[in-house]
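**Student:** I have a structure I would like to understand better, so I am pasting it below and will then ask my questions one at a time.
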2 protein chains.
Amino acid sequence: MDLPKHSRAAEAASHPQRVTITNVSPELNGGRYPIKRVVGDEIKVSADIFPDGHEVLSALVLYRTDKQTLWNEVPMEFVENDRWNGSFRVSSVGEHVYTFQAWIDAFRTWRRDMAKRVEAGQQASVDLLVGADLIAQAADRANGADAAELRKRAESVRGSAERDPGFAAEQALDERLALQMDRYPDKRLASMYEKNLRVTVDREKARFSSWYEMFPRSASPKPGRHGTFRDSIARLPYIAEMGFDVVYLPPVHPIGCVNRKGKNNSTVAAPDDVGSPWAIGSRDGGHKSILRELGTVEDFRALVDATRQKGMEIALDIAFQCAPDHPYVREHPEWFRIRPDGTVQYAENPPKKYEDIVPIYFDTQDWRALWNELKDVILFWIGHGVRIFRVDNPHTKPFSFWEWLIAEVKRDHPDVLFLAEAFTRPKVMYELAKRGFSQSYTYFTWRNTKWDLQEYFTELTQTEVNEFFRPNLWPNTPDILNEYLQLGGRPAFMARAALAATLGASWGIYGPAFELCENRPIHPGSEEYLDSEKYQLRSWDLARPDSLKDWIARINQARRENPCLQTDAGLKFHSVDNDNFIAYSKSTEDLSSLVVVVVNLNPYQKHSGWLTLPLETLGLPEHKPYQMHDLLNDARYIWQGPRNYIELDPAVAPAHVFRVRRHVRSEHDFDYFE
Amino acid sequence: MDLPKHSRAAEAASHPQRVTITNVSPELNGGRYPIKRVVGDEIKVSADIFPDGHEVLSALVLYRTDKQTLWNEVPMEFVENDRWNGSFRVSSVGEHVYTFQAWIDAFRTWRRDMAKRVEAGQQASVDLLVGADLIAQAADRANGADAAELRKRAESVRGSAERDPGFAAEQALDERLALQMDRYPDKRLASMYEKNLRVTVDREKARFSSWYEMFPRSASPKPGRHGTFRDSIARLPYIAEMGFDVVYLPPVHPIGCVNRKGKNNSTVAAPDDVGSPWAIGSRDGGHKSILRELGTVEDFRALVDATRQKGMEIALDIAFQCAPDHPYVREHPEWFRIRPDGTVQYAENPPKKYEDIVPIYFDTQDWRALWNELKDVILFWIGHGVRIFRVDNPHTKPFSFWEWLIAEVKRDHPDVLFLAEAFTRPKVMYELAKRGFSQSYTYFTWRNTKWDLQEYFTELTQTEVNEFFRPNLWPNTPDILNEYLQLGGRPAFMARAALAATLGASWGIYGPAFELCENRPIHPGSEEYLDSEKYQLRSWDLARPDSLKDWIARINQARRENPCLQTDAGLKFHSVDNDNFIAYSKSTEDLSSLVVVVVNLNPYQKHSGWLTLPLETLGLPEHKPYQMHDLLNDARYIWQGPRNYIELDPAVAPAHVFRVRRHVRSEHDFDYFE
């Protein structure tokens with residue numbers, strides 16, 4: 001009479017579960033991927049939870065780190081339509097898991113029904129005996145004073161059920177008893193959600209960071225002399241004053257000599273040409289070596305330490321590719337694709353050829369050794385104090401490799417962060433984020449119109465994407481000088497900085513090209529810089545009066561002082577009756593931090609218009625004034641009601657970043673703002 | 001140098017998969033539940049499929065029945081944005097599974113790149129040798145003539161690569177060769193989707209059915225005499241003439257004597273009261289027995305056979321609950337809840353009591369024996385020719401029980417169908433459908449306004465719900481006489497029949513109460529019938545001139561003749577400038593079958609208005625007339641353009657069911673319609 005083995009329902013039902021737990025949120029791809037959070041975050045979860053029938057449920061969220069074995073429990077709350085909410089806080093970095101438990105609460109069900117019987121005046125002595133039994137069973141599960149008290153209560157109800165049912169009902173329906181009963185539920189038939197869902201908990205910088213990319217080789221105070229790590233240390237105060245907290249360095253390794261690129265990407269290098277830092281490896285070493293001209297390992301460590309002392313940290317570029325003279329090519333030819341003529345396959349995107357680079361052949365049969373060696377590269381730099389890696393072109397290496405690598409590294413170093421530089425198709429970008437990258441470059445660089453920005457940032461921040469993809473917004477990179485910057489000049493740079501730094505909790509610039517408004521392309525229609533630092537040394541006049549360093553410092557200060565600018569959630573676009581403007585607010589969930597940003601996207605002309613704010617949504621007073629404090633120039637405006645006038649002249653400043661100060665009290669003759 | 005065991009990515013990567021297959025559709029709750037289809041259906045599937053990098057992919061849908069071990073393969077097609085589509089057809093009832101396979105197509109990638117090199121005029125002899133190697137490898141995988149041909153081609157390309165690269169390229173890029181190569185892909189590194197997704201394939205009646213519920217005990221031609229199965233056989237021609245194909249009988253078992261209900265649900269039964277058929281079981285037997293007054297098992301089989309001969313079939317009511325005198329209560333007291341005073345717990349919804357019914361206690365420790373016995377009940381009636389079960393109140397029994405029961409039964413009898421009568425919360429109704437019910441009752445009975453109907457049927461037919469929930473629409477049931485019918489009278493019955501039969505591919509009525517427009521409630525504000533057949537015999541005058549039997553016959557004929565009315569998909573609501581009307585179209589995917597329905601929801605007043613149809617969406621001509629053929633009264637109207645006049649007088653007929661006949665050719669002086 002055994003139940004057949006064939007049915008998977010029968011197997012699951014070896015102890016049949018009465019409660020269904022389903023449509024869980026957040027849950028990425030059926031639990032295949034973790035969601036992402038940072039330390040201290042409250043994680044809000046919800047699920048459809050329902051039994052057959054109409055009995056009363058209790059439900060818990062269970063959570064723990066992946067190293068703990070015992071669950072922490074948090075009661076969930078019923079919302080409506082069989083939906084339940086719960087939340088828990090994560091207090092350490094590393095992987096966490098969460099799941100759900102629910103059961104039919106026999107006592108609460110009995111209590112609800114008993115109250116209805118009493119109200120209907122029914123004679124219900126037998127039902128009171130049922131209740132007494134439930135209390136006695138809880139007494140068996142309880143301990144100490146509770147056990148004795150519950151046992152006594154059960155006897156009292158049982159003893160008076162026939163004789164004095166009114167008294168018995170009062171005893172059994174007592175509110176304090178119900179709360180006491182809640183502590184000793186009968187969970188023998190409890191349902192567990194079938195999956196453990198994962199959360200990757202990072203340190204705060206994963207969510208909120210301000211990046212500055214610089215070429216150490218251009219940091220020399222003497223034009224023409226190759227810059228060093230020591231020169232870079234001297235540059236740190238300048239970067240810190242602008243308010244950045246991550247200093248990102250292109251690859252620091254020996255640069256290949258074979259097929260080295262010359263200035264402006266020419267295929268023939270002059271003898272003194274320095275080559276591209278991304279053409280990694282030469283006789284002097286590979287991914288674990290340092291380019292002699294930059295300094296020694298000790299110099300590198302000094303730079304790492306000096307950066308930390310300035311409240312910043314170094315991010316290192318990881319480009320898993322090789323120059324033809326990288327030692328790997330000689331030592332591990334099996335990690336490269338050998339062509340029928342015996343040559344090593346160089347990188348290409350036919351008909352384009354990149355003969356200074358040979359890609360690693362990840363389909364190699366020897367992939368285990370390859371993967372371990374590449375992991376060793378990361379561990380090597382972690383050993384030298386690096387905790388952030390900016391990964392070059394991750395989309396040309398297997399997803400499974402990254403998933404393995406990042407999990408491996410973070411198991412022992414959960415504070416390490418990885419930024420994916422994948423400028424590729426949207427689904428590939430999202431997949432890399434799901435596989436483990438802490439942050440990701442975005443299409444922001446090419447989103448310059450109001451519609452484009454609104455569409456894209458609604459997708460990034462207001463959909464499931466927000467659970468796994470942390471955008472890092474760059475107005476420029478050494479590879480991308482967008483047309484908007486080329487044509488719009490200084491006002492365009494100002495606008496793009498304001499947008500990047502307020503639309504996203506993480507942003508970055510490639511400097512000093514950015515703050516000095518470098519906008520000359522190699523030729524019209526190209527996004528490549530003229531005289532790009534990728535192929536030659538540059539010397540920058542940091543003291544130029546038209547530098548944007550003060551503008552940038554103001555923006556980063558606003559970011560530090562306003563928590564709403566430190567997360568990607570809480571973004572809302574608002575309507576302006578002039579489409580040259582884009583307007584949006586950022587707010588924390590409790591609305592205690594609220595910033596309104598208005599940008600004139602037209603870098604050539606002054607514009608004015610009327611901005612409409614949803615007062616109630618933003619917690620703004622309807623019939624009292626509130627103060628708009630422009631954090632970029634300290635101007636303060638008194639606004640009232642939903643519609644207010646704005647005017648921005650790009651020649652002066654193309655953006656407002658308003659901190660909104662609510663009206664808190666008014667006296668007869670002055671207004672006082674929080 | 002082994003990869004650590006901790007990482008699940010590492011385990012999955014014992015053979016690293018380069019291609020990601022994700023966001024699969026359809027897929028219910030991460031593959032936890034099957035989708036539903038009927039025999040002959042084409043199942044359209046899609047997925048995001050992408051590799052790292054930019055290589056060319058090939059992808060397959062794999063499918064089989066759950067009894068086969070080998071997969072059938074169908075190539076998928078790239079759509080855009082990494083989305084791929086595919087489809088397959090299911091040709092037998094029973095469980096099927098499907099999944100996906102994809103791989104990087106080395107030859108197609110090489111061919112694409114080679115063509116670009118040729119176009120750019122590059123010298124590419126080495127690349128031609130790479131191509132020759134790929135062809136030679138395919139030759140090793142091929143057999144027969146193909147193997148020889150490919151080997152020869154490889155040699156030809158290899159031999160001429162240096163000497164005559166133009167000729168070699170022509171040989172290698174040959175279109176016929178590419179198609180030949182497609183037949184011998186290198187799938188060693190192919191990626192499989194991680195889950196096998198399930199499809200429950202039913203016979204066509206699961207999708208398209210017309211139900212008629214009748215009480216055999218009221219089928220006697222002689223008022224006051226208890227009707228029998230033999231009387232019901234005599235009633236079959238009448239039902240068949242109305243075009244129904246399922247005859248649904250309330251429970252046919254012995255009816256309990258203990259606490260039997262009297263007429264109009266009175267708690268005291270007179271000696272001759274027949275009781276409720278849902279109070280199952282007495283000294284005469286239980287769920288495997290037949291009420292003596294209805295006839296014998298042989299009579300029942302005769303009814304089953306006669307129904308089949310009329311092109312219809314019997315659906316039997318399954319109510320897993322007992323009268324207090326059901327044999328189970330005596331033989332298996334462990335299957336019931338015994339109260340502290342030794343009595344068996346009756347059904348209740350406090351303060352309401354249903355003392356003629358005792359519910360089965362599914363939390364019993366003896367649940368395995370209980371489940372098997374209840375399965376035996378189903379198998380017993382299957383043994384007597386029943387293939388459709390209408391399940392009473394499934395939402396008061398465990399979901400896992402139904403999932404097990406239905407899977408068990410359908411494993412050996414995949415043609416058996418189950419209709420869930422769960423009038424309860426939406427998520428519970430949907431969950432029951434996901435657990436295996438073939439069809440479900442709906443809220444249609446209470447959706448009487450335009451907005452309500454549009455909202456509800458958009459949810460049922462245009463969302464994921466359509467994958468698993470097959471609505472069966474009932475304007476009335478023995479439990480529900482909706483206020484709209486009570487107040488609206490005959491026009492309301494006509495309107496509700498037209499709506500149920502065209503909004504849903506499955507519908508049903510409880511007759512003869514419905515066609516005779518029985519609309520007297522037990523008291524105002526109640527949905528219970530006065531003199532309900534649930535508690536007493538009724539005698540019906542089927543020949544009444546105001547009977548709706550012809551109206552219903554017309555509607556069912558329209559359903560049989562128009563394939564678009566036989567599925568729930570293809571429903572679109574259209575705009576009328578008078579909100580008393582609801583208007584919608586049903587169409588098959590190829591638009592070859594198209595019906596437009598317009599109903600005046602106001603049962604009291606004539607209304608007119610202008611209907612707007614989206615001509616292009618419906619495949620209607622913009623500048624030529626088309627014919628609207630009202631299938632309910634054979635009137636034909638010539639319409640032109642998107643906006644046309646409608647007028648419906650409920651006293652005559654509250655609905656149009658137009659078959660749309662497109663204009664196919666026009667001669668000088670006459671129009672000819674398909």
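Chain lettering (A, B, ...) mirrors the order of the structure tokens, residue numbering begins at 1 for each chain separately, and ligand numbering begins at 1 in order of display.
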So which residues touch Trp335 (chain B) within 12 Å, counting only C-alpha atoms, skipping near sequence neighbours fewer than 4 positions away, as a compact mmCIF listing (two decimals) with N, CA and C atoms, in the first residue's frame?

**Tutor:**
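Ended up saving to out_28.txt:
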# COMPACT_ATOMS: atom_id res chain seq x y z
N PHE B 320 -15.01 14.77 -1.72
CA PHE B 320 -14.38 13.95 -0.69
C PHE B 320 -14.76 14.46 0.70
N GLN B 321 -15.99 14.09 1.07
CA GLN B 321 -16.53 14.41 2.39
C GLN B 321 -17.61 13.38 2.66
N CYS B 322 -18.05 13.29 3.89
CA CYS B 322 -18.93 12.19 4.26
C CYS B 322 -20.12 12.66 5.06
N HIS B 326 -21.63 7.62 6.82
CA HIS B 326 -20.79 7.01 5.77
C HIS B 326 -19.98 5.86 6.38
N PRO B 327 -19.84 4.75 5.67
CA PRO B 327 -19.10 3.60 6.24
C PRO B 327 -17.67 3.97 6.69
N TYR B 328 -17.03 4.93 6.00
CA TYR B 328 -15.66 5.32 6.40
C TYR B 328 -15.61 5.72 7.87
N VAL B 329 -16.66 6.41 8.33
CA VAL B 329 -16.62 6.95 9.69
C VAL B 329 -16.53 5.81 10.70
N ARG B 330 -17.20 4.73 10.40
CA ARG B 330 -17.18 3.56 11.29
C ARG B 330 -15.89 2.78 11.10
N GLU B 331 -15.51 2.60 9.80
CA GLU B 331 -14.38 1.71 9.50
C GLU B 331 -13.03 2.40 9.70
N VAL B 344 -17.67 12.98 16.30
CA VAL B 344 -16.90 13.31 15.11
C VAL B 344 -17.13 14.77 14.75
N GLN B 345 -16.07 15.47 14.46
CA GLN B 345 -16.18 16.89 14.11
C GLN B 345 -16.92 17.05 12.79
N VAL B 358 -19.38 15.45 7.55
CA VAL B 358 -18.14 15.44 8.34
C VAL B 358 -16.97 15.49 7.36
N PRO B 359 -16.07 16.44 7.57
CA PRO B 359 -14.95 16.55 6.64
C PRO B 359 -13.90 15.47 6.95
N ILE B 360 -13.18 15.10 5.92
CA ILE B 360 -12.08 14.15 6.12
C ILE B 360 -10.91 14.91 6.74
N TYR B 361 -10.23 14.25 7.70
CA TYR B 361 -9.13 14.88 8.44
C TYR B 361 -7.81 14.52 7.73
N PHE B 362 -7.39 15.39 6.81
CA PHE B 362 -6.21 15.06 5.99
C PHE B 362 -4.90 15.10 6.77
N ASP B 363 -4.91 15.71 7.96
CA ASP B 363 -3.70 15.71 8.77
C ASP B 363 -3.49 14.39 9.50
N THR B 364 -4.39 13.45 9.27
CA THR B 364 -4.28 12.15 9.94
C THR B 364 -2.91 11.50 9.73
N GLN B 365 -2.45 10.82 10.75
CA GLN B 365 -1.19 10.08 10.64
C GLN B 365 -1.32 8.96 9.60
N ASP B 366 -2.55 8.55 9.37
CA ASP B 366 -2.81 7.44 8.44
C ASP B 366 -3.07 7.94 7.03
N TRP B 367 -2.44 9.07 6.69
CA TRP B 367 -2.76 9.72 5.42
C TRP B 367 -2.45 8.86 4.20
N ARG B 368 -1.43 7.99 4.31
CA ARG B 368 -1.10 7.19 3.12
C ARG B 368 -2.26 6.28 2.73
N ALA B 369 -2.83 5.61 3.73
CA ALA B 369 -3.97 4.73 3.44
C ALA B 369 -5.15 5.54 2.94
N LEU B 370 -5.36 6.70 3.56
CA LEU B 370 -6.46 7.57 3.14
C LEU B 370 -6.30 7.98 1.68
N TRP B 371 -5.11 8.48 1.33
CA TRP B 371 -4.87 8.93 -0.05
C TRP B 371 -5.12 7.79 -1.04
N GLU B 373 -7.00 5.20 -0.68
CA GLU B 373 -8.42 4.86 -0.77
C GLU B 373 -9.14 5.87 -1.68
N LEU B 374 -8.78 7.14 -1.53
CA LEU B 374 -9.47 8.15 -2.34
C LEU B 374 -9.08 8.00 -3.82

**Student:** Within 9 Å of region 535-550 of chain B, counting only C-alpha atoms, which residues qualify if same-chain residues fewer than 2 places away don't, as a VMD selection string?

**Tutor:** chain B and resid 215 217 to 227 238 to 239 241 to 242 261 to 266 273 to 277 490 493 to 494 512 to 517 531 to 533 552 to 555

**Student:** Give me the residues within 7 Å of region 196-213 of chain A as a ChimeraX atom specification, counting only C-alpha atoms and dropping any in the same chain fewer than 6 places off.

**Tutor:** /A:27,31,34-39,93-99,244-249,415,417,438-439,470,505-511,566-567

**Student:** Provide as an MDAnalysis selection string the residues of chain A at most 6 Å from chain B, counting only C-alpha atoms.

**Tutor:** chainID A and resid 9:10 18 30 52:53 113 116:117 350:351 395:398 404

**Student:** Could you name the residues that touch Asn482 (chain A) at 12 Å or less, counting only C-alpha atoms, but leaving out those on the same chain fewer than 5 positions away, as a ChimeraX atom specification?

**Tutor:** /A:443-448,474-477,487-489,492-493,496,514,517-521,524-529

**Student:** So how many Å separate CA of Met181 (chain A) and CA of Tyr193 (chain A), to one decimal?

**Tutor:**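 According to the coordinates, CA of Met181 (chain A) and CA of Tyr193 (chain A) are separated by 24.0 Å.
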